[in-house]
Amino acid sequence: MPAWLAVCILGIIEGVTEFLPISSTGHLLLVENAHWLPQQSDLFAFASRVRQLLTNIGDPNTRDYLSKLVLAFVITGVGGLILKKLGFTLPKETAPIAWATLLGGIGILAIEWAVRGRRLTSEITWLIAVVVGLAQILAAVFPGTSRSAATILLALALGVARPAATEFSFLVGVPTLLAAGLYETQHALRHPGPVPTDWGMLVLGTLVSAVTAFFVVRWLIRWIQTHNFSPFGWYRIALGLAMLARVI
């Protein structure tokens with residue numbers, strides 16, 4: 001398979017799964033371990049709302065919302081730096097990621113059952129911002145948990161409506177992923193890994209992933225207006241079981 005095609009496919013997989021609560025790590029690991037696509041460098045691994053926030057910076061409600069985004073981002077950044085200083089590395093084994101994917105699916109169903117019939121709010125409180133920041137750290141420690149699943153579902157469990165929880169997760173996730181990418185780029189330049197980084201292919205994959213993610217989030221925000229996250233829970237359970245079947 002041509003390298004550019006493999007990178008485009010990986011970019012689409014990453015773009016589709018990063019902002020859906022279905023574990024991007026699990027999907028990328030699955031195609032890599034199945035040898036469908038070549039191994040990649042570790043580096044590989046709305047617009048209207050953003051414009052509204054930036055153009056209405058003078059509005060007190062907008063500044064309040066942005067402050068909560070910053071708080072969640074700072075908590076994630078500090079936690080991520082602490083993990084790096086402690087020498088934490090992501091596991092590459094299939095089993096722990098498969099279990100996290102499976103248990104995450106069960107967690108989605110449990111939370112959806114718990115909030116059934118409850119009156120949910122669109123307000124993002126300071127507590128929600130703190131929880132979302134901590135949830136992103138949790139997802140980093142347990143790959144397969146899914147960053148979007150952890151942030152959205154914990155916010156949902158605390159009473160935030162699905163569209164508001166998804167939007168906040170997305171808006172926190174974008175700078176988080178950019179910061180992580182810049183950190184990994186700097187690290188790769190200073191300490192090249194065993195798999196050489198093809199910077200041209202990396203840029204291509206990033207662009208494909210970003211465009212794909214934009215349409216996925218746009219679709220998700222509309223879809224959850226009339227649906228819940230249970231289908232993603234069942235999908236994760238099936239995916240987790242399929243991954244475990246490969247290692248048992």
# chains A, B, ... in the order shown; residues from 1 in each chain; ligands from 1

$ residues_around --residues "Phe142 (chain A)" --least-positions-apart "3" --cutoff "8 Å" --atoms "only C-alpha atoms" --output "list in words"
Ile97, Ala100, Leu138, Ala139 and Thr145 of chain A

$ residues_around --residues "Trp234 (chain A)" --least-positions-apart "4" --cutoff "8 Å" --atoms "only C-alpha atoms" --output "list in words"
Gly105, Ile106, Leu109, Ser230 and Ala238 of chain A

$ residues_around --residues "region 211-221 of chain A" --least-positions-apart "3" --cutoff "7 Å" --atoms "only C-alpha atoms" --output "ChimeraX atom specification"
/A:12,15-16,19,46,163,166,207-208,224-225

$ write_last_selection --atoms "N, CA and C atoms" --output "PDB file, in the first residue's frame"
ATOM      1  N   ILE A  12      -8.061   9.402   8.689  1.00  0.00           N
ATOM      2  CA  ILE A  12      -9.523   9.293   8.747  1.00  0.00           C
ATOM      3  C   ILE A  12      -9.954   8.545  10.007  1.00  0.00           C
ATOM      4  N   GLY A  15      -9.428  10.870  12.916  1.00  0.00           N
ATOM      5  CA  GLY A  15     -10.409  11.954  12.896  1.00  0.00           C
ATOM      6  C   GLY A  15     -11.797  11.506  13.294  1.00  0.00           C
ATOM      7  N   VAL A  16     -12.176  10.302  12.875  1.00  0.00           N
ATOM      8  CA  VAL A  16     -13.504   9.783  13.209  1.00  0.00           C
ATOM      9  C   VAL A  16     -13.585   9.397  14.686  1.00  0.00           C
ATOM     10  N   PHE A  19     -13.018  12.217  18.520  1.00  0.00           N
ATOM     11  CA  PHE A  19     -14.059  12.997  19.186  1.00  0.00           C
ATOM     12  C   PHE A  19     -15.352  12.228  19.383  1.00  0.00           C
ATOM     13  N   PHE A  46     -17.980  23.523  14.512  1.00  0.00           N
ATOM     14  CA  PHE A  46     -17.588  23.948  14.988  1.00  0.00           C
ATOM     15  C   PHE A  46     -17.123  25.353  14.834  1.00  0.00           C
ATOM     16  N   PRO A 163     -25.535  17.756  24.318  1.00  0.00           N
ATOM     17  CA  PRO A 163     -24.906  18.705  23.388  1.00  0.00           C
ATOM     18  C   PRO A 163     -23.899  19.626  24.065  1.00  0.00           C
ATOM     19  N   THR A 166     -20.763  17.611  24.977  1.00  0.00           N
ATOM     20  CA  THR A 166     -19.982  17.288  23.784  1.00  0.00           C
ATOM     21  C   THR A 166     -19.238  18.512  23.270  1.00  0.00           C
ATOM     22  N   LEU A 207      -3.701  16.875   8.485  1.00  0.00           N
ATOM     23  CA  LEU A 207      -4.731  17.599   7.744  1.00  0.00           C
ATOM     24  C   LEU A 207      -5.955  16.726   7.495  1.00  0.00           C
ATOM     25  N   VAL A 208      -5.723  15.478   7.088  1.00  0.00           N
ATOM     26  CA  VAL A 208      -6.839  14.557   6.847  1.00  0.00           C
ATOM     27  C   VAL A 208      -7.619  14.325   8.132  1.00  0.00           C
ATOM     28  N   ILE A 224     -26.867  14.007  18.618  1.00  0.00           N
ATOM     29  CA  ILE A 224     -27.231  13.814  20.024  1.00  0.00           C
ATOM     30  C   ILE A 224     -28.348  14.744  20.479  1.00  0.00           C
ATOM     31  N   GLN A 225     -28.818  15.610  19.587  1.00  0.00           N
ATOM     32  CA  GLN A 225     -29.991  16.404  19.927  1.00  0.00           C
ATOM     33  C   GLN A 225     -31.204  15.500  20.154  1.00  0.00           C
TER      34      GLN A 225
END

$ residues_around --residues "Ala155 (chain A)" --least-positions-apart "4" --cutoff "10 Å" --atoms "only C-alpha atoms" --output "count of residues only"
20

$ residues_around --residues "region 242-247 of chain A" --least-positions-apart "3" --cutoff "8 Å" --atoms "only C-alpha atoms" --output "PDB file with all heavy atoms, in the first residue's frame"
ATOM      1  N   LEU A  30      -5.740  -1.604  16.702  1.00  0.00           N
ATOM      2  CA  LEU A  30      -6.328  -2.745  16.013  1.00  0.00           C
ATOM      3  C   LEU A  30      -5.817  -2.868  14.588  1.00  0.00           C
ATOM      4  O   LEU A  30      -5.400  -3.940  14.154  1.00  0.00           O
ATOM      5  CB  LEU A  30      -7.858  -2.611  16.021  1.00  0.00           C
ATOM      6  CG  LEU A  30      -8.667  -3.837  15.578  1.00  0.00           C
ATOM      7  CD1 LEU A  30      -8.430  -4.993  16.519  1.00  0.00           C
ATOM      8  CD2 LEU A  30     -10.152  -3.490  15.523  1.00  0.00           C
ATOM      9  N   THR A  94      -2.293  -5.055  23.593  1.00  0.00           N
ATOM     10  CA  THR A  94      -3.696  -4.994  23.225  1.00  0.00           C
ATOM     11  C   THR A  94      -4.618  -5.211  24.416  1.00  0.00           C
ATOM     12  O   THR A  94      -5.650  -4.540  24.535  1.00  0.00           O
ATOM     13  CB  THR A  94      -4.007  -6.048  22.142  1.00  0.00           C
ATOM     14  OG1 THR A  94      -3.200  -5.797  20.985  1.00  0.00           O
ATOM     15  CG2 THR A  94      -5.476  -6.021  21.745  1.00  0.00           C
ATOM     16  N   ALA A  95      -4.268  -6.123  25.323  1.00  0.00           N
ATOM     17  CA  ALA A  95      -5.164  -6.527  26.409  1.00  0.00           C
ATOM     18  C   ALA A  95      -5.657  -5.360  27.273  1.00  0.00           C
ATOM     19  O   ALA A  95      -6.873  -5.209  27.467  1.00  0.00           O
ATOM     20  CB  ALA A  95      -4.508  -7.601  27.269  1.00  0.00           C
ATOM     21  N   ALA A  98      -7.972  -3.185  25.310  1.00  0.00           N
ATOM     22  CA  ALA A  98      -9.230  -3.891  25.033  1.00  0.00           C
ATOM     23  C   ALA A  98     -10.142  -3.860  26.255  1.00  0.00           C
ATOM     24  O   ALA A  98     -11.349  -3.612  26.140  1.00  0.00           O
ATOM     25  CB  ALA A  98      -8.944  -5.331  24.628  1.00  0.00           C
ATOM     26  N   TRP A  99      -9.559  -4.099  27.440  1.00  0.00           N
ATOM     27  CA  TRP A  99     -10.365  -4.063  28.669  1.00  0.00           C
ATOM     28  C   TRP A  99     -10.917  -2.667  28.924  1.00  0.00           C
ATOM     29  O   TRP A  99     -12.070  -2.503  29.336  1.00  0.00           O
ATOM     30  CB  TRP A  99      -9.534  -4.537  29.860  1.00  0.00           C
ATOM     31  CG  TRP A  99      -9.432  -6.029  29.968  1.00  0.00           C
ATOM     32  CD1 TRP A  99      -8.334  -6.809  29.773  1.00  0.00           C
ATOM     33  CD2 TRP A  99     -10.514  -6.920  30.288  1.00  0.00           C
ATOM     34  NE1 TRP A  99      -8.648  -8.137  29.941  1.00  0.00           N
ATOM     35  CE2 TRP A  99      -9.975  -8.243  30.267  1.00  0.00           C
ATOM     36  CE3 TRP A  99     -11.856  -6.747  30.582  1.00  0.00           C
ATOM     37  CZ2 TRP A  99     -10.748  -9.356  30.529  1.00  0.00           C
ATOM     38  CZ3 TRP A  99     -12.639  -7.870  30.859  1.00  0.00           C
ATOM     39  CH2 TRP A  99     -12.083  -9.151  30.833  1.00  0.00           C
ATOM     40  N   ALA A 238     -18.653  -4.431  21.862  1.00  0.00           N
ATOM     41  CA  ALA A 238     -18.351  -5.359  20.771  1.00  0.00           C
ATOM     42  C   ALA A 238     -16.891  -5.250  20.347  1.00  0.00           C
ATOM     43  O   ALA A 238     -16.213  -6.256  20.119  1.00  0.00           O
ATOM     44  CB  ALA A 238     -19.274  -5.086  19.580  1.00  0.00           C
ATOM     45  N   LEU A 239     -16.386  -4.007  20.252  1.00  0.00           N
ATOM     46  CA  LEU A 239     -14.986  -3.818  19.850  1.00  0.00           C
ATOM     47  C   LEU A 239     -14.040  -4.381  20.898  1.00  0.00           C
ATOM     48  O   LEU A 239     -13.047  -5.046  20.562  1.00  0.00           O
ATOM     49  CB  LEU A 239     -14.714  -2.320  19.652  1.00  0.00           C
ATOM     50  CG  LEU A 239     -13.265  -1.936  19.298  1.00  0.00           C
ATOM     51  CD1 LEU A 239     -12.866  -2.542  17.961  1.00  0.00           C
ATOM     52  CD2 LEU A 239     -13.105  -0.421  19.259  1.00  0.00           C
TER      53      LEU A 239
END

$ residues_around --residues "Val115 (chain A)" --least-positions-apart "3" --cutoff "10 Å" --atoms "only C-alpha atoms" --output "ChimeraX atom specification"
/A:110-112,118-120,156-161

$ closest_residue --among "A:Ile152, A:Leu5, A:Leu178, A:Ile57" --to "Gly107 (chain A)" --atoms "only C-alpha atoms"
A:Ile152

$ select_by_dssp --residues "region 41-204 of chain A" --states "alpha helix (DSSP H)" --output "PyMOL selection string"
chain A and resi 47-55+60-85+94-115+126-141+147-157+162-190+199-204

$ decode --residues "region 202-247 of chain A" --atoms "C-alpha atoms" --output "PDB file, in the first residue's frame"
ATOM      1  CA  LEU A 202       2.739  13.551   9.215  1.00  0.00           C
ATOM      2  CA  VAL A 203       1.415  16.857   7.876  1.00  0.00           C
ATOM      3  CA  LEU A 204      -0.795  14.999   5.394  1.00  0.00           C
ATOM      4  CA  GLY A 205      -2.183  12.745   8.128  1.00  0.00           C
ATOM      5  CA  THR A 206      -2.806  15.703  10.423  1.00  0.00           C
ATOM      6  CA  LEU A 207      -4.731  17.599   7.744  1.00  0.00           C
ATOM      7  CA  VAL A 208      -6.839  14.557   6.847  1.00  0.00           C
ATOM      8  CA  SER A 209      -7.542  13.901  10.535  1.00  0.00           C
ATOM      9  CA  ALA A 210      -8.497  17.538  11.210  1.00  0.00           C
ATOM     10  CA  VAL A 211     -10.913  17.742   8.267  1.00  0.00           C
ATOM     11  CA  THR A 212     -12.476  14.391   9.176  1.00  0.00           C
ATOM     12  CA  ALA A 213     -12.822  15.397  12.838  1.00  0.00           C
ATOM     13  CA  PHE A 214     -14.575  18.647  11.885  1.00  0.00           C
ATOM     14  CA  PHE A 215     -17.337  16.810  10.020  1.00  0.00           C
ATOM     15  CA  VAL A 216     -17.588  14.112  12.692  1.00  0.00           C
ATOM     16  CA  VAL A 217     -18.086  16.631  15.518  1.00  0.00           C
ATOM     17  CA  ARG A 218     -20.537  18.628  13.417  1.00  0.00           C
ATOM     18  CA  TRP A 219     -22.547  15.449  12.836  1.00  0.00           C
ATOM     19  CA  LEU A 220     -22.294  14.349  16.483  1.00  0.00           C
ATOM     20  CA  ILE A 221     -23.584  17.662  17.847  1.00  0.00           C
ATOM     21  CA  ARG A 222     -26.668  17.340  15.636  1.00  0.00           C
ATOM     22  CA  TRP A 223     -27.166  13.618  16.230  1.00  0.00           C
ATOM     23  CA  ILE A 224     -27.231  13.814  20.024  1.00  0.00           C
ATOM     24  CA  GLN A 225     -29.991  16.404  19.927  1.00  0.00           C
ATOM     25  CA  THR A 226     -32.382  13.459  19.565  1.00  0.00           C
ATOM     26  CA  HIS A 227     -30.279  10.441  20.591  1.00  0.00           C
ATOM     27  CA  ASN A 228     -28.191   9.262  23.530  1.00  0.00           C
ATOM     28  CA  PHE A 229     -24.750   7.628  23.700  1.00  0.00           C
ATOM     29  CA  SER A 230     -25.958   4.050  24.238  1.00  0.00           C
ATOM     30  CA  PRO A 231     -25.147   2.918  20.658  1.00  0.00           C
ATOM     31  CA  PHE A 232     -21.524   3.940  21.264  1.00  0.00           C
ATOM     32  CA  GLY A 233     -21.559   1.909  24.466  1.00  0.00           C
ATOM     33  CA  TRP A 234     -22.713  -1.223  22.662  1.00  0.00           C
ATOM     34  CA  TYR A 235     -20.179  -0.597  19.897  1.00  0.00           C
ATOM     35  CA  ARG A 236     -17.345  -0.314  22.439  1.00  0.00           C
ATOM     36  CA  ILE A 237     -18.413  -3.547  24.113  1.00  0.00           C
ATOM     37  CA  ALA A 238     -18.351  -5.359  20.771  1.00  0.00           C
ATOM     38  CA  LEU A 239     -14.986  -3.818  19.850  1.00  0.00           C
ATOM     39  CA  GLY A 240     -13.490  -4.649  23.256  1.00  0.00           C
ATOM     40  CA  LEU A 241     -14.623  -8.248  22.997  1.00  0.00           C
ATOM     41  CA  ALA A 242     -13.243  -8.510  19.460  1.00  0.00           C
ATOM     42  CA  MET A 243      -9.877  -7.173  20.623  1.00  0.00           C
ATOM     43  CA  LEU A 244      -9.799  -9.568  23.604  1.00  0.00           C
ATOM     44  CA  ALA A 245     -10.592 -12.479  21.290  1.00  0.00           C
ATOM     45  CA  ARG A 246      -7.351 -11.754  19.445  1.00  0.00           C
ATOM     46  CA  VAL A 247      -5.201 -12.071  22.567  1.00  0.00           C
TER      47      VAL A 247
END
